$ cat input24.csv   # CSV, C-alpha atoms and all ligand atoms
chain,number,residue,atom,x,y,z
A,1,MET,CA,-25.8,-37.5,3.5
A,2,ILE,CA,-27.8,-36.1,6.3
A,3,ASN,CA,-27.8,-38.7,9.0
A,4,LEU,CA,-31.0,-38.8,11.0
A,5,ASP,CA,-30.6,-42.4,12.1
A,6,HIS,CA,-28.6,-41.9,15.3
A,7,ALA,CA,-30.7,-44.6,17.1
A,8,ALA,CA,-29.1,-47.1,14.8
A,9,THR,CA,-25.5,-45.9,15.4
A,10,THR,CA,-23.5,-42.7,15.7
A,11,PRO,CA,-20.3,-41.4,14.2
A,12,LEU,CA,-17.1,-41.8,16.3
A,13,GLU,CA,-16.2,-38.6,18.0
A,14,PRO,CA,-12.7,-37.4,17.2
A,15,ALA,CA,-11.7,-37.1,20.9
A,16,VAL,CA,-12.8,-40.7,21.4
A,17,LEU,CA,-10.6,-41.8,18.5
A,18,GLU,CA,-7.7,-40.0,20.2
A,19,ALA,CA,-8.4,-41.8,23.5
A,20,MET,CA,-8.2,-45.1,21.6
A,21,ARG,CA,-5.2,-44.3,19.4
A,22,PRO,CA,-2.4,-45.1,21.8
A,23,TRP,CA,-3.9,-48.6,22.4
A,24,LEU,CA,-4.0,-49.3,18.7
A,25,THR,CA,-0.6,-48.0,17.9
A,26,GLU,CA,2.0,-47.7,20.7
A,27,SER,CA,0.8,-50.0,23.5
A,28,HIS,CA,-0.4,-53.5,22.8
A,29,GLY,CA,-0.1,-55.3,26.1
A,30,ASN,CA,-2.6,-57.8,27.5
A,31,PRO,CA,-4.1,-56.4,30.7
A,32,SER,CA,-3.8,-59.8,32.3
A,33,SER,CA,0.0,-59.9,31.9
A,34,GLN,CA,2.2,-59.0,34.8
A,35,HIS,CA,5.0,-57.2,32.9
A,36,ALA,CA,5.1,-53.5,32.3
A,37,LEU,CA,3.4,-53.7,28.9
A,38,GLY,CA,0.5,-55.6,30.4
A,39,GLN,CA,0.3,-53.3,33.4
A,40,ALA,CA,0.1,-50.3,31.1
A,41,ALA,CA,-2.9,-51.9,29.3
A,42,ARG,CA,-4.4,-52.7,32.7
A,43,ALA,CA,-4.1,-49.0,33.7
A,44,GLY,CA,-5.9,-48.0,30.4
A,45,VAL,CA,-8.8,-50.4,31.2
A,46,GLU,CA,-9.0,-49.3,34.8
A,47,ARG,CA,-9.1,-45.6,33.7
A,48,ALA,CA,-12.0,-46.4,31.4
A,49,ARG,CA,-13.7,-48.4,34.2
A,50,GLU,CA,-13.4,-45.4,36.5
A,51,GLN,CA,-14.9,-43.1,33.8
A,52,VAL,CA,-17.9,-45.4,33.4
A,53,ALA,CA,-18.3,-45.8,37.2
A,54,GLN,CA,-18.3,-42.1,37.7
A,55,ALA,CA,-20.8,-41.4,35.0
A,56,LEU,CA,-23.2,-44.0,36.3
A,57,ALA,CA,-22.5,-43.4,40.0
A,58,VAL,CA,-21.6,-47.1,40.6
A,59,ASP,CA,-18.6,-48.8,42.0
A,60,PRO,CA,-15.8,-49.5,39.5
A,61,LEU,CA,-16.1,-53.2,40.5
A,62,GLU,CA,-19.6,-53.2,39.2
A,63,VAL,CA,-18.5,-52.3,35.7
A,64,ILE,CA,-17.9,-55.2,33.3
A,65,PHE,CA,-16.9,-54.6,29.7
A,66,THR,CA,-18.6,-56.6,27.0
A,67,SER,CA,-18.7,-56.7,23.2
A,68,GLY,CA,-21.8,-54.4,23.2
A,69,GLY,CA,-25.4,-54.1,24.2
A,70,THR,CA,-26.5,-57.5,22.9
A,71,GLU,CA,-23.9,-59.3,25.0
A,72,ALA,CA,-24.7,-57.2,28.1
A,73,ASP,CA,-28.4,-57.9,27.7
A,74,ASN,CA,-27.8,-61.7,27.3
A,75,ALA,CA,-25.4,-61.8,30.2
A,76,GLY,CA,-27.9,-59.9,32.4
A,77,VAL,CA,-31.0,-61.9,31.4
A,78,LYS,CA,-29.6,-65.4,31.2
A,79,GLY,CA,-26.9,-64.9,33.9
A,80,LEU,CA,-29.3,-63.6,36.5
A,81,ALA,CA,-32.1,-66.1,35.7
A,82,TRP,CA,-29.7,-69.1,35.7
A,83,ALA,CA,-28.1,-68.1,39.0
A,84,ALA,CA,-31.5,-67.5,40.7
A,85,ARG,CA,-32.8,-70.8,39.6
A,86,ALA,CA,-29.6,-72.6,40.7
A,87,ALA,CA,-30.2,-71.0,44.2
A,88,GLY,CA,-33.7,-72.5,44.2
A,89,ARG,CA,-35.5,-69.2,44.0
A,90,GLY,CA,-37.9,-70.0,41.2
A,91,GLN,CA,-38.0,-70.0,37.4
A,92,HIS,CA,-40.4,-67.4,36.1
A,93,VAL,CA,-39.2,-64.4,34.1
A,94,VAL,CA,-41.2,-61.2,33.2
A,95,THR,CA,-40.4,-58.9,30.3
A,96,THR,CA,-42.2,-56.4,28.1
A,97,ALA,CA,-43.3,-56.7,24.5
A,98,LEU,CA,-41.3,-53.5,23.7
A,99,GLU,CA,-37.9,-54.9,24.4
A,100,HIS,CA,-35.1,-55.1,21.8
A,101,HIS,CA,-34.6,-58.5,20.4
A,102,ALA,CA,-31.4,-59.0,22.5
A,103,VAL,CA,-33.7,-59.1,25.6
A,104,LEU,CA,-36.9,-60.5,24.1
A,105,GLU,CA,-35.2,-63.4,22.4
A,106,ALA,CA,-33.0,-64.2,25.4
A,107,CYS,CA,-36.1,-64.4,27.5
A,108,GLU,CA,-37.9,-66.5,24.9
A,109,TRP,CA,-34.9,-68.8,24.7
A,110,LEU,CA,-35.0,-69.3,28.5
A,111,ALA,CA,-38.6,-70.3,28.0
A,112,THR,CA,-38.3,-72.6,25.0
A,113,HIS,CA,-34.9,-74.2,25.8
A,114,GLN,CA,-34.4,-73.8,29.5
A,115,GLY,CA,-37.7,-74.6,31.1
A,116,PHE,CA,-38.4,-71.1,32.5
A,117,ALA,CA,-41.9,-69.7,32.5
A,118,LEU,CA,-42.2,-66.3,30.7
A,119,THR,CA,-44.7,-63.5,30.9
A,120,VAL,CA,-44.5,-60.8,28.3
A,121,VAL,CA,-46.3,-57.6,29.4
A,122,PRO,CA,-47.7,-55.5,26.5
A,123,PRO,CA,-47.4,-51.7,26.5
A,124,GLU,CA,-50.4,-49.3,26.4
A,125,ARG,CA,-51.2,-47.7,23.1
A,126,ASP,CA,-48.8,-44.8,23.9
A,127,GLY,CA,-45.9,-47.2,23.9
A,128,ILE,CA,-45.4,-47.1,27.6
A,129,VAL,CA,-45.8,-50.1,29.9
A,130,ASP,CA,-48.1,-49.6,32.8
A,131,PRO,CA,-45.9,-50.2,35.9
A,132,GLN,CA,-48.8,-51.8,37.9
A,133,ARG,CA,-49.4,-54.2,35.0
A,134,LEU,CA,-45.8,-55.2,35.1
A,135,LEU,CA,-45.7,-55.6,38.9
A,136,ASP,CA,-49.0,-57.6,38.7
A,137,ALA,CA,-47.2,-60.1,36.5
A,138,VAL,CA,-44.7,-60.9,39.2
A,139,THR,CA,-45.4,-64.1,41.2
A,140,ASP,CA,-43.7,-65.9,44.0
A,141,ASP,CA,-41.8,-67.9,41.4
A,142,THR,CA,-40.5,-64.8,39.6
A,143,VAL,CA,-36.7,-64.4,39.6
A,144,LEU,CA,-36.2,-61.7,37.0
A,145,VAL,CA,-37.9,-58.7,35.4
A,146,ALA,CA,-36.2,-57.4,32.2
A,147,ALA,CA,-37.4,-54.0,31.1
A,148,MET,CA,-35.8,-51.3,28.9
A,149,ALA,CA,-35.3,-47.7,30.1
A,150,ALA,CA,-36.1,-46.3,26.6
A,151,ASN,CA,-37.4,-47.9,23.5
A,152,ASN,CA,-35.2,-48.0,20.5
A,153,GLU,CA,-37.9,-47.7,17.9
A,154,VAL,CA,-40.6,-45.3,19.2
A,155,GLY,CA,-38.4,-43.7,21.8
A,156,THR,CA,-40.8,-44.0,24.7
A,157,LEU,CA,-39.4,-43.8,28.3
A,158,GLN,CA,-40.4,-46.7,30.5
A,159,PRO,CA,-41.3,-46.4,34.2
A,160,ILE,CA,-38.2,-48.2,35.6
A,161,ALA,CA,-38.0,-46.0,38.8
A,162,GLU,CA,-41.6,-47.0,39.5
A,163,ILE,CA,-41.0,-50.7,39.4
A,164,GLY,CA,-37.4,-51.1,40.7
A,165,PRO,CA,-38.0,-50.5,44.4
A,166,ALA,CA,-41.0,-52.8,44.5
A,167,LEU,CA,-39.1,-55.6,42.8
A,168,ALA,CA,-36.1,-55.1,45.2
A,169,GLU,CA,-38.4,-55.4,48.1
A,170,ARG,CA,-39.7,-58.7,46.8
A,171,GLY,CA,-36.2,-60.0,46.1
A,172,VAL,CA,-36.7,-60.1,42.3
A,173,ALA,CA,-33.7,-59.2,40.1
A,174,LEU,CA,-34.2,-56.3,37.6
A,175,HIS,CA,-32.2,-56.1,34.3
A,176,VAL,CA,-32.5,-52.8,32.5
A,177,ASP,CA,-31.5,-52.2,28.9
A,178,ALA,CA,-30.3,-48.6,29.0
A,179,VAL,CA,-28.7,-48.7,25.6
A,180,GLN,CA,-30.8,-45.9,24.1
A,181,ALA,CA,-31.4,-44.0,27.3
A,182,PHE,CA,-27.9,-43.2,28.3
A,183,GLY,CA,-27.0,-39.6,27.6
A,184,ARG,CA,-30.5,-38.8,26.5
A,185,SER,CA,-32.5,-39.4,29.6
A,186,PRO,CA,-31.5,-40.0,33.2
A,187,VAL,CA,-29.9,-43.4,33.9
A,188,ASP,CA,-30.2,-43.5,37.7
A,189,ILE,CA,-29.2,-47.1,38.6
A,190,GLY,CA,-29.4,-46.3,42.3
A,191,ALA,CA,-33.0,-45.0,42.1
A,192,TRP,CA,-34.0,-47.8,39.8
A,193,GLN,CA,-32.5,-50.3,42.2
A,194,ALA,CA,-31.5,-52.3,39.2
A,195,THR,CA,-29.5,-55.5,39.6
A,196,SER,CA,-28.0,-55.3,36.1
A,197,VAL,CA,-27.8,-52.7,33.3
A,198,ALA,CA,-26.7,-52.8,29.7
A,199,LEU,CA,-25.1,-50.0,27.7
A,200,THR,CA,-23.3,-49.8,24.4
A,201,ALA,CA,-20.7,-47.3,23.1
A,202,HIS,CA,-21.7,-47.0,19.5
A,203,LYS,CA,-25.0,-45.2,20.3
A,204,ILE,CA,-23.1,-42.4,22.0
A,205,ASN,CA,-20.4,-41.6,19.5
A,206,GLY,CA,-18.1,-44.3,20.7
A,207,PRO,CA,-16.7,-47.3,18.8
A,208,LYS,CA,-18.8,-50.3,17.7
A,209,GLY,CA,-18.3,-53.7,19.4
A,210,VAL,CA,-17.9,-52.6,23.0
A,211,GLY,CA,-20.4,-52.1,25.8
A,212,VAL,CA,-20.9,-52.2,29.5
A,213,TRP,CA,-22.7,-54.6,31.7
A,214,VAL,CA,-23.3,-53.2,35.2
A,215,LEU,CA,-23.7,-56.0,37.6
A,216,ARG,CA,-24.4,-54.7,41.1
A,217,ARG,CA,-22.2,-55.9,44.0
A,218,GLY,CA,-23.5,-59.0,45.7
A,219,ALA,CA,-25.7,-60.0,42.7
A,220,ALA,CA,-25.1,-63.5,41.5
A,221,ALA,CA,-24.9,-64.2,37.7
A,222,THR,CA,-23.9,-67.3,35.9
A,223,PRO,CA,-21.4,-66.5,33.1
A,224,LEU,CA,-22.4,-66.9,29.5
A,225,SER,CA,-18.9,-68.2,28.5
A,226,HIS,CA,-16.1,-69.8,30.5
A,227,GLY,CA,-12.4,-69.1,30.1
A,228,GLY,CA,-9.8,-67.0,31.7
A,229,GLY,CA,-12.0,-65.6,34.4
A,230,GLN,CA,-11.6,-61.9,33.5
A,231,GLU,CA,-14.1,-59.3,34.7
A,232,ARG,CA,-14.9,-60.7,38.1
A,233,GLY,CA,-15.2,-64.2,36.5
A,234,VAL,CA,-18.4,-63.3,34.7
A,235,ARG,CA,-17.0,-62.2,31.4
A,236,SER,CA,-14.0,-64.2,30.3
A,237,GLY,CA,-11.8,-63.2,27.3
A,238,THR,CA,-8.9,-60.9,26.7
A,239,LEU,CA,-10.0,-57.4,27.2
A,240,ALA,CA,-10.4,-55.2,24.0
A,241,VAL,CA,-8.2,-52.4,25.3
A,242,PRO,CA,-8.6,-49.8,22.5
A,243,LEU,CA,-12.4,-50.3,22.4
A,244,ILE,CA,-12.7,-50.2,26.2
A,245,ALA,CA,-10.6,-46.9,26.2
A,246,GLY,CA,-13.0,-45.5,23.6
A,247,CYS,CA,-16.0,-46.7,25.5
A,248,GLY,CA,-14.9,-45.0,28.7
A,249,GLU,CA,-14.2,-41.8,26.9
A,250,ALA,CA,-17.5,-41.8,25.0
A,251,ILE,CA,-19.4,-42.4,28.2
A,252,ALA,CA,-17.6,-39.7,30.1
A,253,ARG,CA,-18.0,-37.2,27.3
A,254,THR,CA,-21.7,-38.0,26.8
A,255,ALA,CA,-22.4,-37.7,30.6
A,256,ALA,CA,-20.5,-34.4,30.7
A,257,ARG,CA,-22.5,-32.7,27.9
A,258,ALA,CA,-25.9,-34.2,28.6
A,259,GLU,CA,-27.3,-31.2,30.4
A,260,ASP,CA,-26.7,-29.0,27.3
A,261,GLU,CA,-27.2,-31.6,24.7
A,262,ILE,CA,-30.6,-33.0,25.8
A,263,PRO,CA,-32.4,-29.6,25.4
A,264,ARG,CA,-30.6,-29.0,22.1
A,265,LEU,CA,-31.7,-32.4,20.7
A,266,ARG,CA,-35.3,-31.7,21.9
A,267,ARG,CA,-35.4,-28.4,20.1
A,268,LEU,CA,-34.1,-30.0,16.9
A,269,ARG,CA,-36.5,-32.9,17.1
A,270,ASP,CA,-39.5,-30.6,17.8
A,271,ARG,CA,-38.5,-28.5,14.8
A,272,LEU,CA,-38.2,-31.6,12.6
A,273,LEU,CA,-41.5,-33.0,13.8
A,274,THR,CA,-43.3,-29.7,13.0
A,275,GLY,CA,-41.8,-29.9,9.5
A,276,LEU,CA,-42.9,-33.5,9.0
A,277,GLU,CA,-46.4,-32.8,10.3
A,278,ARG,CA,-46.7,-30.2,7.6
A,279,ALA,CA,-47.0,-32.9,5.0
A,280,GLY,CA,-50.4,-33.8,6.4
A,281,GLY,CA,-51.7,-37.3,7.5
A,282,VAL,CA,-48.6,-37.6,9.7
A,283,ARG,CA,-48.9,-38.6,13.4
A,284,LEU,CA,-46.3,-39.1,16.1
A,285,ASN,CA,-46.1,-42.7,17.3
A,286,GLY,CA,-45.7,-43.1,21.1
A,287,CYS,CA,-46.2,-40.7,23.9
A,288,ARG,CA,-45.2,-37.1,23.0
A,289,ASP,CA,-43.8,-36.1,26.4
A,290,ARG,CA,-42.3,-39.3,27.8
A,291,ARG,CA,-39.9,-39.9,25.0
A,292,LEU,CA,-36.3,-39.7,24.1
A,293,PRO,CA,-35.4,-36.1,23.1
A,294,HIS,CA,-33.9,-37.0,19.7
A,295,ASN,CA,-36.6,-39.3,18.5
A,296,ALA,CA,-39.3,-38.5,15.9
A,297,HIS,CA,-41.2,-41.7,15.0
A,298,VAL,CA,-44.2,-41.0,12.7
A,299,ALA,CA,-47.1,-42.8,11.1
A,300,VAL,CA,-47.6,-41.6,7.5
A,301,ASP,CA,-51.0,-42.2,6.0
A,302,GLY,CA,-51.2,-43.7,2.5
A,303,VAL,CA,-47.5,-44.3,2.0
A,304,ASP,CA,-45.3,-47.4,2.3
A,305,GLY,CA,-42.6,-46.9,4.9
A,306,GLU,CA,-39.9,-48.8,3.0
A,307,ALA,CA,-40.7,-46.8,-0.2
A,308,LEU,CA,-40.4,-43.6,1.8
A,309,LEU,CA,-37.1,-44.6,3.4
A,310,LEU,CA,-35.7,-45.4,-0.1
A,311,ALA,CA,-37.0,-42.0,-1.5
A,312,LEU,CA,-35.3,-40.2,1.4
A,313,ASP,CA,-32.1,-42.2,0.9
A,314,ALA,CA,-32.1,-41.1,-2.7
A,315,ALA,CA,-32.5,-37.5,-1.5
A,316,GLY,CA,-29.6,-37.8,0.8
A,317,VAL,CA,-31.4,-38.4,4.1
A,318,ALA,CA,-30.7,-41.5,6.2
A,319,ALA,CA,-33.8,-42.7,8.2
A,320,SER,CA,-35.2,-46.0,9.4
A,321,THR,CA,-38.5,-47.7,9.2
A,322,GLY,CA,-38.2,-49.2,12.6
A,323,SER,CA,-35.5,-50.9,14.6
A,324,ALA,CA,-32.3,-50.3,12.6
A,325,CYS,CA,-30.6,-52.7,15.0
A,326,GLN,CA,-31.9,-55.4,12.8
A,327,SER,CA,-31.8,-53.3,9.7
A,328,GLY,CA,-32.6,-54.9,6.4
A,329,ALA,CA,-35.5,-56.6,8.0
A,330,ALA,CA,-38.7,-55.5,6.3
A,331,GLU,CA,-40.8,-57.4,8.8
A,332,PRO,CA,-43.5,-55.3,10.6
A,333,SER,CA,-42.1,-54.0,13.9
A,334,HIS,CA,-43.0,-56.0,17.0
A,335,VAL,CA,-43.1,-52.7,18.9
A,336,LEU,CA,-45.7,-51.1,16.7
A,337,ALA,CA,-47.7,-54.3,16.6
A,338,ALA,CA,-47.7,-54.5,20.4
A,339,MET,CA,-48.9,-50.8,20.6
A,340,GLY,CA,-51.7,-51.6,18.2
A,341,ALA,CA,-50.5,-49.1,15.7
A,342,PRO,CA,-52.0,-49.3,12.2
A,343,LEU,CA,-49.8,-51.3,9.9
A,344,GLU,CA,-52.0,-51.6,6.8
A,345,GLY,CA,-51.9,-48.7,4.4
A,346,THR,CA,-49.7,-46.7,6.7
A,347,GLY,CA,-46.0,-46.3,6.6
A,348,HIS,CA,-43.8,-45.7,9.7
A,349,LEU,CA,-40.6,-43.8,9.8
A,350,ARG,CA,-38.1,-43.1,12.5
A,351,LEU,CA,-35.8,-40.1,12.4
A,352,THR,CA,-33.3,-39.6,15.2
A,353,CYS,CA,-31.0,-36.5,15.7
A,354,GLY,CA,-27.5,-36.6,17.1
A,355,LEU,CA,-24.4,-34.7,18.1
A,356,ASP,CA,-23.7,-33.8,14.5
A,357,THR,CA,-27.3,-32.7,13.6
A,358,SER,CA,-27.9,-29.0,12.7
A,359,GLU,CA,-31.1,-27.0,12.2
A,360,ASP,CA,-30.3,-26.9,8.5
A,361,ASP,CA,-30.2,-30.7,8.5
A,362,VAL,CA,-33.6,-31.1,10.0
A,363,ASP,CA,-35.1,-28.4,7.7
A,364,THR,CA,-33.6,-30.1,4.6
A,365,ALA,CA,-34.9,-33.5,5.8
A,366,ALA,CA,-38.4,-32.1,6.4
A,367,THR,CA,-38.5,-30.6,2.9
A,368,ALA,CA,-37.3,-33.9,1.4
A,369,PHE,CA,-39.8,-35.8,3.4
A,370,ALA,CA,-42.7,-33.6,2.2
A,371,ALA,CA,-41.6,-34.0,-1.4
A,372,ALA,CA,-41.3,-37.8,-1.1
A,373,VAL,CA,-44.6,-38.2,0.6
A,374,ASP,CA,-46.3,-36.1,-2.1
A,375,ARG,CA,-44.7,-38.0,-4.9
A,376,LEU,CA,-45.5,-41.4,-3.4
A,377,ARG,CA,-49.1,-40.5,-2.6
A,378,GLY,CA,-49.5,-39.4,-6.2
A,379,ALA,CA,-48.2,-42.8,-7.3
A,380,GLY,CA,-50.5,-44.9,-5.2
A,381,GLY,CA,-48.3,-44.9,-2.0
A,382,GLY,CA,-45.4,-47.0,-3.2
A,383,PHE,CA,-46.9,-50.2,-1.7
A,384,ALA,CA,-45.3,-53.4,-2.9
B,1,LIG,C1,-32.3,-50.9,23.1
B,1,LIG,C2,-31.2,-51.7,22.5
B,1,LIG,N1,-30.7,-52.7,23.1
B,1,LIG,C3,-29.7,-53.4,22.6
B,1,LIG,C4,-29.1,-53.1,21.4
B,1,LIG,C5,-27.9,-53.9,20.9
B,1,LIG,O1,-26.7,-53.2,21.2
B,1,LIG,P1,-25.4,-53.6,20.3
B,1,LIG,O2,-25.7,-53.1,18.9
B,1,LIG,O3,-24.3,-52.9,21.0
B,1,LIG,O4,-25.3,-55.1,20.4
B,1,LIG,C6,-29.6,-52.0,20.7
B,1,LIG,C7,-29.1,-51.6,19.4
B,1,LIG,O5,-28.3,-52.1,18.7
B,1,LIG,C8,-30.7,-51.3,21.2
B,1,LIG,O6,-31.2,-50.2,20.6

$ encode --input "input24.csv" --output "structure tokens" --more "lines below"
Ligand SMILES: Cc1ncc(COP(=O)(O)O)c(C=O)c1O
Amino acid sequence: MINLDHAATTPLEPAVLEAMRPWLTESHGNPSSQHALGQAARAGVERAREQVAQALAVDPLEVIFTSGGTEADNAGVKGLAWAARAAGRGQHVVTTALEHHAVLEACEWLATHQGFALTVVPPERDGIVDPQRLLDAVTDDTVLVAAMAANNEVGTLQPIAEIGPALAERGVALHVDAVQAFGRSPVDIGAWQATSVALTAHKINGPKGVGVWVLRRGAAATPLSHGGGQERGVRSGTLAVPLIAGCGEAIARTAARAEDEIPRLRRLRDRLLTGLERAGGVRLNGCRDRRLPHNAHVAVDGVDGEALLLALDAAGVAASTGSACQSGAAEPSHVLAAMGAPLEGTGHLRLTCGLDTSEDDVDTAATAFAAAVDRLRGAGGGFA
């Protein structure tokens, strides 16, 4: 199987597995215990915390381990909004229509169940939110802006550095979902002046079920769950030591190779895109330049996206019709809809390269794509 669905998840890197292994086999302490076994586990967690802090240029105290990107997004969005409202600062939240459901639905829940007002700013047709439009949505009652650094479907990069300083000046908290951006595009939390940032390990060749929530020093957040008071009191629960060790290693390794890996991914993606475009009636969705280097997301005229995905699957190529984070869902993508992309009579396909992708892989995938498109067009497009 040629895996061109790295935006959904990535294979575990062998060196990351090695970093996890001792915590799965030899050492099983609870990092909150005071005896030697516990302290060994604590040292493993703190090493991972240092790795993350170094890769993100933040203080280790600001690194909070979570069960993944979804939890980090919920913790940032709800935690910051609740704390700001409790401090009497207001109850308006701003987000973008491009967000992953982890952010969008957390914001919508604040509005429908918690009495917050919500403004959802649409992107422009190129899949990028206009920074001025976002800033114009901020009022004196706004306590939080939640915006992603890079979109998980169409791969467009969002202007976080252009909104962060203006928000900081106005005392509005900023939560950034950097789940797809990390390792593929700069994650500069200092320049962004973000209050809170979400990452996950499984998108960068780390294990599933672990992520990072960066909560800047001095920022107040109400915890999602109450319990043992681990992780500065904002994320209770016994720490998942093996997963955390893997997360630290994956983040460190991804940061270390980014300078070489980003241009390599871009070359592969461009080669793939040229191959896909050869089929005719194929257009790139989202801005060509301001996009993740591994992402090719295309509109294909006269073909059903789902049928195309299944045809590619049968030919041994893994792709996605949209957000694979909610895979199985055949609903039209909220991102494409917000961009005003044609949804009738046109299929959409996302192909994303990764660490294990070769030139041969993208060439084989492009050939399989052209054959599948040809066959489907000949049979009426494969529409249900
Ligand atoms: C942009 C974005 N945010 C959040 C998530 C959720 O992360 P996790 O799968 O670790 O819960 C994903 C994908 O799963 C994503 O692509």

$ closest_atom_pairs --input "input24.csv" --of "chain A" --to "ligand LIG 1 (chain B)" --cutoff "9 Å" --atoms "only C-alpha atoms and all ligand atoms" --output "tab-separated table"
residue	atom	partner	partner_atom	distance
A:Ala7	CA	B:LIG1	O6	6.6
A:Ala8	CA	B:LIG1	O5	6.4
A:Thr9	CA	B:LIG1	O5	7.6
A:Ser67	CA	B:LIG1	O3	7.1
A:Gly68	CA	B:LIG1	O3	3.7
A:Gly69	CA	B:LIG1	O1	3.4
A:Thr70	CA	B:LIG1	O4	3.7
A:Glu71	CA	B:LIG1	O4	6.4
A:Ala72	CA	B:LIG1	O4	8.0
A:Asp73	CA	B:LIG1	C3	6.9
A:Glu99	CA	B:LIG1	C1	7.0
A:His100	CA	B:LIG1	N1	5.2
A:His101	CA	B:LIG1	C3	7.4
A:Ala102	CA	B:LIG1	C3	5.9
A:Val103	CA	B:LIG1	N1	7.5
A:Met148	CA	B:LIG1	C1	6.8
A:Ala149	CA	B:LIG1	C1	8.3
A:Ala150	CA	B:LIG1	C1	6.9
A:Asn151	CA	B:LIG1	C1	5.9
A:Asn152	CA	B:LIG1	O6	4.6
A:Glu153	CA	B:LIG1	O6	7.6
A:Asp177	CA	B:LIG1	N1	5.9
A:Ala178	CA	B:LIG1	C1	6.6
A:Val179	CA	B:LIG1	C1	4.9
A:Gln180	CA	B:LIG1	C1	5.3
A:Ala181	CA	B:LIG1	C1	8.1
A:Ala198	CA	B:LIG1	N1	7.7
A:Leu199	CA	B:LIG1	O3	7.3
A:Thr200	CA	B:LIG1	O3	4.7
A:Ala201	CA	B:LIG1	O3	7.0
A:His202	CA	B:LIG1	O3	6.6
A:Lys203	CA	B:LIG1	C7	7.7
A:Lys208	CA	B:LIG1	O3	6.9
A:Gly209	CA	B:LIG1	O3	6.3
A:Val210	CA	B:LIG1	O3	6.7
A:Gly211	CA	B:LIG1	O3	6.2
A:Ser323	CA	B:LIG1	O6	7.4
A:Ala324	CA	B:LIG1	O5	7.5
A:Cys325	CA	B:LIG1	O5	4.4
A:Gln326	CA	B:LIG1	O5	7.7

$ residues_around --input "input24.csv" --residues "Thr142 in chain A" --least-positions-apart "5" --cutoff "10 Å" --atoms "all atoms listed in the file" --output "PDB file with C-alpha atoms, in the frame of the given file"
ATOM      1  CA  ALA A  81     -32.100 -66.100  35.700  1.00  0.00           C
ATOM      2  CA  ALA A  84     -31.500 -67.500  40.700  1.00  0.00           C
ATOM      3  CA  ARG A  85     -32.800 -70.800  39.600  1.00  0.00           C
ATOM      4  CA  ARG A  89     -35.500 -69.200  44.000  1.00  0.00           C
ATOM      5  CA  GLY A  90     -37.900 -70.000  41.200  1.00  0.00           C
ATOM      6  CA  GLN A  91     -38.000 -70.000  37.400  1.00  0.00           C
ATOM      7  CA  HIS A  92     -40.400 -67.400  36.100  1.00  0.00           C
ATOM      8  CA  VAL A  93     -39.200 -64.400  34.100  1.00  0.00           C
ATOM      9  CA  VAL A  94     -41.200 -61.200  33.200  1.00  0.00           C
ATOM     10  CA  PHE A 116     -38.400 -71.100  32.500  1.00  0.00           C
ATOM     11  CA  ALA A 117     -41.900 -69.700  32.500  1.00  0.00           C
ATOM     12  CA  LEU A 118     -42.200 -66.300  30.700  1.00  0.00           C
ATOM     13  CA  THR A 119     -44.700 -63.500  30.900  1.00  0.00           C
ATOM     14  CA  ALA A 137     -47.200 -60.100  36.500  1.00  0.00           C
ATOM     15  CA  LEU A 167     -39.100 -55.600  42.800  1.00  0.00           C
ATOM     16  CA  ARG A 170     -39.700 -58.700  46.800  1.00  0.00           C
ATOM     17  CA  GLY A 171     -36.200 -60.000  46.100  1.00  0.00           C
ATOM     18  CA  VAL A 172     -36.700 -60.100  42.300  1.00  0.00           C
ATOM     19  CA  ALA A 173     -33.700 -59.200  40.100  1.00  0.00           C
TER      20      ALA A 173
END

$ atom_distance --input "input24.csv" --atom1 "CA of Asn3 in chain A" --atom2 "CA of Gly345 in chain A"
26.5 Å

$ residues_around --input "input24.csv" --residues "Trp192 in chain A" --least-positions-apart "4" --cutoff "6 Å" --atoms "all atoms listed in the file" --output "PyMOL selection string"
chain A and resi 160-161+164

$ atom_distance --input "input24.csv" --atom1 "CA of Leu336 in chain A" --atom2 "CA of Val212 in chain A"
27.9 Å

$ closest_residue --input "input24.csv" --among "A:Met339, A:Ala53, A:Leu80, A:Ile163" --to "Arg133 in chain A" --atoms "only C-alpha atoms"
A:Ile163

$ residues_around --input "input24.csv" --residues "His6 in chain A" --least-positions-apart "2" --cutoff "6 Å" --atoms "all atoms listed in the file" --output "mmCIF file with C-alpha atoms, in the coordinates of the input"
data_model
loop_
_atom_site.group_PDB
_atom_site.id
_atom_site.type_symbol
_atom_site.label_atom_id
_atom_site.label_comp_id
_atom_site.auth_asym_id
_atom_site.auth_seq_id
_atom_site.Cartn_x
_atom_site.Cartn_y
_atom_site.Cartn_z
ATOM 1 C CA LEU A 4 -31.000 -38.800 11.000
ATOM 2 C CA ALA A 8 -29.100 -47.100 14.800
ATOM 3 C CA THR A 9 -25.500 -45.900 15.400
ATOM 4 C CA THR A 10 -23.500 -42.700 15.700
ATOM 5 C CA THR A 352 -33.300 -39.600 15.200
ATOM 6 C CA CYS A 353 -31.000 -36.500 15.700
ATOM 7 C CA GLY A 354 -27.500 -36.600 17.100
#

$ residues_around --input "input24.csv" --residues "Gly183 in chain A" --least-positions-apart "3" --cutoff "12 Å" --atoms "only C-alpha atoms" --output "PyMOL selection string"
chain A and resi 55-56+149-150+178-180+186-188+199-201+203-205+250-263+265+292-294+354-355

$ atom_distance --input "input24.csv" --atom1 "CA of Leu110 in chain A" --atom2 "CA of Gly229 in chain A"
24.0 Å

$ closest_residue --input "input24.csv" --among "A:Asp361, A:Ala337, A:Gly206, A:Ala319" --to "Ala15 in chain A" --atoms "only C-alpha atoms"
A:Gly206

$ residues_around --input "input24.csv" --residues "Leu61 in chain A" --least-positions-apart "2" --cutoff "10 Å" --atoms "all atoms listed in the file" --output "MDAnalysis selection string"
chainID A and resid 46 49:50 53 58:59 63:64 214:217 231:232
